[in-house]
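Heads up, the thing below is written out as structure tokens.
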Amino acid sequence: MKMATLESVSALRVNGDRLWESLMELAQIGATDKGGVCRLALTDLDRQARDRVSTWARELGCTVRVDAIGNIFMRRAGLRDDLPPVMTGSHIDTQPTGGKFDGNYGVLSGIEVLRTLHDHGIETEAPIEVVVWTNEEGSRFVPVMMGSGVYAGAFTLDHALNATDREGISVRQALNDIGYSGPEPIGGRDVAAYFEAHIEQGPILEAKNITIGAVAGALGQRWYDVVITGQEAHAGPTPMELRRDALLVAADVIRAVNRIALDHAPHGRGTVGCIDNFPNSRNVIPGRVSLTVDLRAADDATLDSMAAALEQTVKDLSEPGKINIQSKEVVYFPPQPFEPRLIQAIRDGATTLGLDHLDVISGAGHDAVYMARVTPTAMIFVPCKDGISHNEIEDAQPDHLEAGCNVLLHAMLRCCGAVRRPAAIPAD
């Protein structure tokens, strides 16, 4: 066999039509009338999708292993199979009204990388693994990003296995029911690098007409439960100046959250997503409002500043004896930078392929956020139509998906060491 340098495979490209066909085939498992996908984690539909993807990997000669939380690792051996693998992947569970691409694109891009190497008889020095993470969406079981979280040690296996859905079915039972409670231990081995390809789930790339996002990291998050207590009273007899209207104060909190995010541009985010108004009666002044606050930023200093601004807002709007506000932090995800060396490999791959690229920050959580705690990690974003995701109308252009997969291919090859091809396929 001849050894081939990375330069000699610079012309290598994935089969975009095959990638698209695989995405459409997988989307039939749990297809909805509106063109989306409902395939909740650890349901029988999830089992069918897992079986389909695993079969595709086995057809390429890959070994398939399943660990105790149901994560699937599909391994293509390397010339030095003792080396830590270069890994890529994502998830195939969806939201109840999900789309065809969120998560699925990351897994099937990995399968397409394996197929491309197989088609061209290319071997890599280090092994390659494609992973399907369990219950990333968190729409059936909490916590979200469960499989990667357990793998990275963010929470224990028992904590995840004991989580239950609304019907009281545990993750442990669901895994057994679909046959994906695997024998492999969780983690405990080196991974050379982890890449995750994903639709952006936001509007930036499309708005700027740029195909590739080199993701520099993910925003940190602080979530709060806020309870505003005033006093309910009759809407007619109670004069305006004597009211203790909790909903009126809640409106000021909501405006403040928006202002805090705008004051911490460009990556500051502030959202009030849930409101519970009591007693929620047409002719009663609201006496208690519960709401959620979601603050996000790219670094801890900014996130701390936003949190302090929220705390000051709570103090300013509280009126002893009239309005009481309690704020409790319930979730903290630290900002997660990705590996500069891998980010550069993504930029270089885009440049080699003649693709425009832009450094971006992920506003959403992904399995890559947990993987970055245990191995060098980076993400590749491609545009999605109107920035819409977690929606049945979620859409992406086939050529963008192909481009992102090509960048993934070449970024992974840069991390896999030397490649070689049979003598029948001469090196350039």
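Every chain in the structure tokens takes a letter, A first, then B, and so on in the order presented; its residues are numbered from 1, and the ligands are numbered from 1 following the presented order.
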
Per-residue DSSP, stretch 203-352 of chain A, filtered to helix (DSSP H, G or I), as a ChimeraX atom specification: /A:204-208,240-242,246-263,300-317,340-352

Selection near stretch 144-150 of chain A, 12 Å with only C-alpha atoms, sequence-local residues under 6 positions removed, as a VMD selection string: chain A and resid 41 to 42 66 to 73 89 to 95 103 131 to 138 156 to 163 171 175 181 185 to 188 194 333 364 to 374

Please write the residues from the selection above to a file, keeping N, CA and C atoms, as a short mmCIF file (atom, residue, chain, number, x, y, z; two decimals), in the first residue's frame.
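The resulting file, out.cif, is reproduced below:
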```
data_model
loop_
_atom_site.label_atom_id
_atom_site.label_comp_id
_atom_site.auth_asym_id
_atom_site.auth_seq_id
_atom_site.Cartn_x
_atom_site.Cartn_y
_atom_site.Cartn_z
N ALA A 41 -37.23 10.24 23.36
CA ALA A 41 -36.15 9.37 23.83
C ALA A 41 -36.70 8.08 24.44
N LEU A 42 -36.09 6.97 24.04
CA LEU A 42 -36.31 5.65 24.63
C LEU A 42 -37.72 5.12 24.43
N VAL A 66 -22.82 -0.41 23.15
CA VAL A 66 -23.82 0.38 23.86
C VAL A 66 -23.46 0.37 25.34
N ASP A 67 -23.47 1.57 25.95
CA ASP A 67 -23.11 1.63 27.37
C ASP A 67 -24.36 1.61 28.25
N ALA A 68 -24.14 1.75 29.55
CA ALA A 68 -25.20 1.53 30.53
C ALA A 68 -26.29 2.60 30.52
N ILE A 69 -26.05 3.74 29.89
CA ILE A 69 -27.09 4.76 29.77
C ILE A 69 -27.68 4.76 28.36
N GLY A 70 -27.24 3.81 27.52
CA GLY A 70 -27.81 3.67 26.19
C GLY A 70 -27.10 4.43 25.09
N ASN A 71 -25.98 5.10 25.41
CA ASN A 71 -25.19 5.74 24.36
C ASN A 71 -24.65 4.68 23.41
N ILE A 72 -24.68 4.97 22.10
CA ILE A 72 -24.22 4.02 21.08
C ILE A 72 -22.91 4.54 20.48
N PHE A 73 -21.88 3.68 20.47
CA PHE A 73 -20.58 4.04 19.91
C PHE A 73 -20.29 3.13 18.72
N GLY A 89 -20.60 13.02 16.55
CA GLY A 89 -21.94 12.51 16.79
C GLY A 89 -22.87 13.57 17.31
N SER A 90 -24.03 13.13 17.78
CA SER A 90 -25.05 14.01 18.34
C SER A 90 -26.16 13.10 18.86
N HIS A 91 -27.42 13.46 18.63
CA HIS A 91 -28.54 12.68 19.15
C HIS A 91 -29.59 12.47 18.06
N ILE A 92 -30.46 11.48 18.28
CA ILE A 92 -31.54 11.24 17.32
C ILE A 92 -32.91 11.28 17.98
N ASP A 93 -32.97 11.58 19.29
CA ASP A 93 -34.28 11.85 19.89
C ASP A 93 -34.70 13.26 19.52
N THR A 94 -36.00 13.52 19.50
CA THR A 94 -36.51 14.81 19.06
C THR A 94 -37.46 15.40 20.10
N GLN A 95 -37.84 16.65 19.87
CA GLN A 95 -38.92 17.27 20.61
C GLN A 95 -40.26 16.65 20.14
N GLY A 103 -29.86 17.48 15.78
CA GLY A 103 -29.26 16.25 16.30
C GLY A 103 -29.02 15.21 15.23
N VAL A 131 -21.04 8.60 17.60
CA VAL A 131 -21.80 8.32 18.82
C VAL A 131 -23.21 8.88 18.70
N VAL A 132 -24.17 8.12 19.22
CA VAL A 132 -25.54 8.58 19.42
C VAL A 132 -25.74 8.74 20.93
N TRP A 133 -25.96 9.97 21.37
CA TRP A 133 -26.15 10.24 22.79
C TRP A 133 -27.62 10.07 23.18
N THR A 134 -27.86 9.55 24.36
CA THR A 134 -29.21 9.29 24.86
C THR A 134 -29.86 10.56 25.42
N ASN A 135 -31.13 10.76 25.06
CA ASN A 135 -31.99 11.77 25.68
C ASN A 135 -31.32 13.14 25.76
N GLU A 136 -30.90 13.65 24.61
CA GLU A 136 -30.34 15.00 24.61
C GLU A 136 -31.42 16.05 24.83
N GLU A 137 -32.58 15.85 24.23
CA GLU A 137 -33.61 16.88 24.25
C GLU A 137 -34.21 17.11 25.63
N GLY A 138 -34.33 16.05 26.43
CA GLY A 138 -34.93 16.21 27.74
C GLY A 138 -36.43 16.43 27.70
N THR A 156 -24.56 11.43 38.07
CA THR A 156 -24.29 10.00 38.18
C THR A 156 -25.21 9.17 37.29
N LEU A 157 -24.77 7.96 37.04
CA LEU A 157 -25.58 7.02 36.27
C LEU A 157 -26.88 6.73 37.01
N ASP A 158 -26.83 6.52 38.31
CA ASP A 158 -28.04 6.21 39.07
C ASP A 158 -29.04 7.37 39.00
N HIS A 159 -28.53 8.60 39.08
CA HIS A 159 -29.42 9.76 38.99
C HIS A 159 -30.17 9.74 37.67
N ALA A 160 -29.47 9.43 36.59
CA ALA A 160 -30.11 9.39 35.27
C ALA A 160 -31.07 8.21 35.15
N LEU A 161 -30.64 7.03 35.59
CA LEU A 161 -31.48 5.84 35.45
C LEU A 161 -32.76 5.93 36.27
N ASN A 162 -32.72 6.68 37.36
CA ASN A 162 -33.90 6.79 38.22
C ASN A 162 -34.86 7.90 37.79
N ALA A 163 -34.48 8.71 36.81
CA ALA A 163 -35.38 9.75 36.32
C ALA A 163 -36.62 9.10 35.70
N VAL A 171 -36.01 5.82 33.36
CA VAL A 171 -35.03 5.63 32.28
C VAL A 171 -34.52 4.19 32.30
N LEU A 175 -34.96 1.87 28.99
CA LEU A 175 -33.79 1.28 28.31
C LEU A 175 -33.97 -0.22 28.17
N SER A 181 -30.17 -1.08 27.15
CA SER A 181 -29.39 -0.98 28.38
C SER A 181 -28.13 -1.80 28.15
N PRO A 185 -19.18 -0.08 30.16
CA PRO A 185 -19.10 0.90 31.23
C PRO A 185 -19.18 2.32 30.68
N ILE A 186 -19.50 3.26 31.55
CA ILE A 186 -19.61 4.66 31.16
C ILE A 186 -18.23 5.30 31.14
N GLY A 187 -17.84 5.86 29.99
CA GLY A 187 -16.61 6.65 29.90
C GLY A 187 -15.37 5.86 30.29
N GLY A 188 -14.46 6.53 30.97
CA GLY A 188 -13.26 5.87 31.46
C GLY A 188 -12.21 5.58 30.41
N TYR A 194 -13.43 15.51 19.87
CA TYR A 194 -14.86 15.33 19.61
C TYR A 194 -15.36 16.50 18.78
N PHE A 333 -25.17 26.62 34.29
CA PHE A 333 -24.26 25.98 33.35
C PHE A 333 -23.14 26.98 33.07
N ALA A 364 -27.45 27.66 22.50
CA ALA A 364 -28.16 26.48 23.03
C ALA A 364 -27.17 25.51 23.63
N GLY A 365 -27.69 24.63 24.48
CA GLY A 365 -26.87 23.55 25.00
C GLY A 365 -26.80 22.41 24.00
N HIS A 366 -25.67 21.72 23.97
CA HIS A 366 -25.46 20.57 23.09
C HIS A 366 -24.63 19.54 23.85
N ASP A 367 -24.64 18.31 23.35
CA ASP A 367 -23.79 17.28 23.95
C ASP A 367 -22.33 17.70 23.96
N ALA A 368 -21.93 18.51 22.98
CA ALA A 368 -20.55 18.99 22.92
C ALA A 368 -20.16 19.79 24.15
N VAL A 369 -21.13 20.43 24.80
CA VAL A 369 -20.82 21.22 26.00
C VAL A 369 -20.30 20.31 27.11
N TYR A 370 -20.93 19.16 27.29
CA TYR A 370 -20.43 18.22 28.29
C TYR A 370 -19.14 17.53 27.83
N MET A 371 -19.07 17.19 26.54
CA MET A 371 -17.86 16.52 26.05
C MET A 371 -16.63 17.41 26.20
N ALA A 372 -16.83 18.72 26.11
CA ALA A 372 -15.69 19.65 26.24
C ALA A 372 -15.07 19.59 27.63
N ARG A 373 -15.77 19.01 28.60
CA ARG A 373 -15.21 18.87 29.95
C ARG A 373 -14.19 17.74 30.03
N VAL A 374 -14.24 16.81 29.06
CA VAL A 374 -13.39 15.62 29.17
C VAL A 374 -12.47 15.42 27.98
#
```

Among the residues A:Ser54, A:Thr124, A:Ser305, A:Gln221, the one that comes closest to A:Tyr332 [using only C-alpha atoms]: A:Gln221

Backbone-only DSSP, strand (DSSP E) members of stretch 117-208 of chain A, as a VMD selection string: chain A and resid 123 to 124 128 to 133 193 to 199

Using N, CA, C and O atoms, can you export the residues from the last selection as an mmCIF file, in the first residue's frame?
```cif
data_model
loop_
_atom_site.group_PDB
_atom_site.id
_atom_site.type_symbol
_atom_site.label_atom_id
_atom_site.label_comp_id
_atom_site.auth_asym_id
_atom_site.auth_seq_id
_atom_site.Cartn_x
_atom_site.Cartn_y
_atom_site.Cartn_z
ATOM 1 N N GLU A 123 -7.831 4.491 4.946
ATOM 2 C CA GLU A 123 -7.678 4.101 6.339
ATOM 3 C C GLU A 123 -7.050 5.245 7.117
ATOM 4 O O GLU A 123 -6.233 6.002 6.574
ATOM 5 N N THR A 124 -7.422 5.365 8.360
ATOM 6 C CA THR A 124 -6.875 6.425 9.212
ATOM 7 C C THR A 124 -5.966 5.812 10.267
ATOM 8 O O THR A 124 -6.142 4.659 10.670
ATOM 9 N N ILE A 128 -11.962 6.005 14.283
ATOM 10 C CA ILE A 128 -13.024 7.010 14.268
ATOM 11 C C ILE A 128 -14.261 6.394 14.915
ATOM 12 O O ILE A 128 -14.593 5.237 14.647
ATOM 13 N N GLU A 129 -14.939 7.168 15.749
ATOM 14 C CA GLU A 129 -16.182 6.708 16.346
ATOM 15 C C GLU A 129 -17.289 7.722 16.095
ATOM 16 O O GLU A 129 -17.069 8.932 16.171
ATOM 17 N N VAL A 130 -18.465 7.198 15.780
ATOM 18 C CA VAL A 130 -19.684 8.009 15.683
ATOM 19 C C VAL A 130 -20.572 7.607 16.855
ATOM 20 O O VAL A 130 -20.824 6.424 17.071
ATOM 21 N N VAL A 131 -21.040 8.602 17.604
ATOM 22 C CA VAL A 131 -21.804 8.322 18.815
ATOM 23 C C VAL A 131 -23.214 8.881 18.699
ATOM 24 O O VAL A 131 -23.430 9.953 18.128
ATOM 25 N N VAL A 132 -24.170 8.115 19.223
ATOM 26 C CA VAL A 132 -25.541 8.584 19.422
ATOM 27 C C VAL A 132 -25.738 8.745 20.926
ATOM 28 O O VAL A 132 -25.683 7.757 21.674
ATOM 29 N N TRP A 133 -25.964 9.975 21.374
ATOM 30 C CA TRP A 133 -26.151 10.242 22.794
ATOM 31 C C TRP A 133 -27.621 10.068 23.176
ATOM 32 O O TRP A 133 -28.524 10.442 22.429
ATOM 33 N N ALA A 193 -10.392 13.657 20.217
ATOM 34 C CA ALA A 193 -11.104 14.881 19.860
ATOM 35 C C ALA A 193 -12.564 14.526 19.634
ATOM 36 O O ALA A 193 -12.900 13.401 19.250
ATOM 37 N N TYR A 194 -13.433 15.510 19.873
ATOM 38 C CA TYR A 194 -14.860 15.334 19.615
ATOM 39 C C TYR A 194 -15.355 16.503 18.776
ATOM 40 O O TYR A 194 -15.168 17.673 19.136
ATOM 41 N N PHE A 195 -15.979 16.176 17.641
ATOM 42 C CA PHE A 195 -16.599 17.165 16.762
ATOM 43 C C PHE A 195 -18.106 16.906 16.736
ATOM 44 O O PHE A 195 -18.543 15.750 16.742
ATOM 45 N N GLU A 196 -18.884 17.986 16.661
ATOM 46 C CA GLU A 196 -20.326 17.839 16.502
ATOM 47 C C GLU A 196 -20.813 18.814 15.441
ATOM 48 O O GLU A 196 -20.640 20.028 15.568
ATOM 49 N N ALA A 197 -21.402 18.268 14.379
ATOM 50 C CA ALA A 197 -22.015 19.087 13.337
ATOM 51 C C ALA A 197 -23.485 19.291 13.679
ATOM 52 O O ALA A 197 -24.157 18.367 14.142
ATOM 53 N N HIS A 198 -23.985 20.503 13.426
ATOM 54 C CA HIS A 198 -25.347 20.816 13.878
ATOM 55 C C HIS A 198 -25.899 21.966 13.046
ATOM 56 O O HIS A 198 -25.141 22.815 12.574
ATOM 57 N N ILE A 199 -27.212 21.975 12.860
ATOM 58 C CA ILE A 199 -27.819 23.190 12.330
ATOM 59 C C ILE A 199 -27.695 24.282 13.392
ATOM 60 O O ILE A 199 -27.660 23.998 14.589
#
```

Non-local contacts of stretch 353-363 of chain A (6 Å; only C-alpha atoms; under 4 positions in same chain excluded) as a list in words: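 My list of contacting residues is Ile210, Thr211, Ile212, Gly213, Ala214, Val215, Ala216, Gly217, Ala218 and Leu219 of chain A.
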
Emit the selected residues as a PDB file, in the first residue's frame, including C-alpha atoms.
```
ATOM      1  CA  ILE A 210     -22.365  32.389   5.388  1.00  0.00           C
ATOM      2  CA  THR A 211     -22.303  28.606   5.113  1.00  0.00           C
ATOM      3  CA  ILE A 212     -20.048  27.482   7.970  1.00  0.00           C
ATOM      4  CA  GLY A 213     -20.039  28.529  11.592  1.00  0.00           C
ATOM      5  CA  ALA A 214     -16.878  27.671  13.531  1.00  0.00           C
ATOM      6  CA  VAL A 215     -18.305  27.491  17.041  1.00  0.00           C
ATOM      7  CA  ALA A 216     -15.983  29.054  19.592  1.00  0.00           C
ATOM      8  CA  GLY A 217     -18.000  27.915  22.582  1.00  0.00           C
ATOM      9  CA  ALA A 218     -21.408  27.822  24.235  1.00  0.00           C
ATOM     10  CA  LEU A 219     -23.087  30.446  26.340  1.00  0.00           C
TER      11      LEU A 219
END
```

Test item: residues at most 12 Å from stretch 13-16 of chain A, only C-alpha atoms, excluding those fewer than 4 positions along its chain, as JSON, numbers by chain: {"A": [9, 20, 21, 22, 23, 108, 109, 110, 111, 112, 113, 114, 115, 116, 117, 118, 119, 120, 349, 352, 353, 397, 398, 399, 400, 401, 402, 403, 404, 405, 406, 407, 408, 409, 410]}

Nearby residues (only C-alpha atoms) at most 8 Å from A:Ala345, same-chain spacing under 3 positions excluded, as a JSON list (two decimals) with C-alpha atoms, in the first residue's frame:
```json
[["chain", "number", "residue", "atom", "x", "y", "z"],
["A", 341, "ARG", "CA", -6.86, 23.80, 17.83],
["A", 342, "LEU", "CA", -10.07, 22.10, 16.68],
["A", 348, "ASP", "CA", -8.95, 25.53, 7.74],
["A", 349, "GLY", "CA", -11.31, 22.89, 6.40],
["A", 411, "ALA", "CA", -11.37, 18.46, 10.24],
["A", 414, "ARG", "CA", -6.54, 16.41, 10.38]]
```
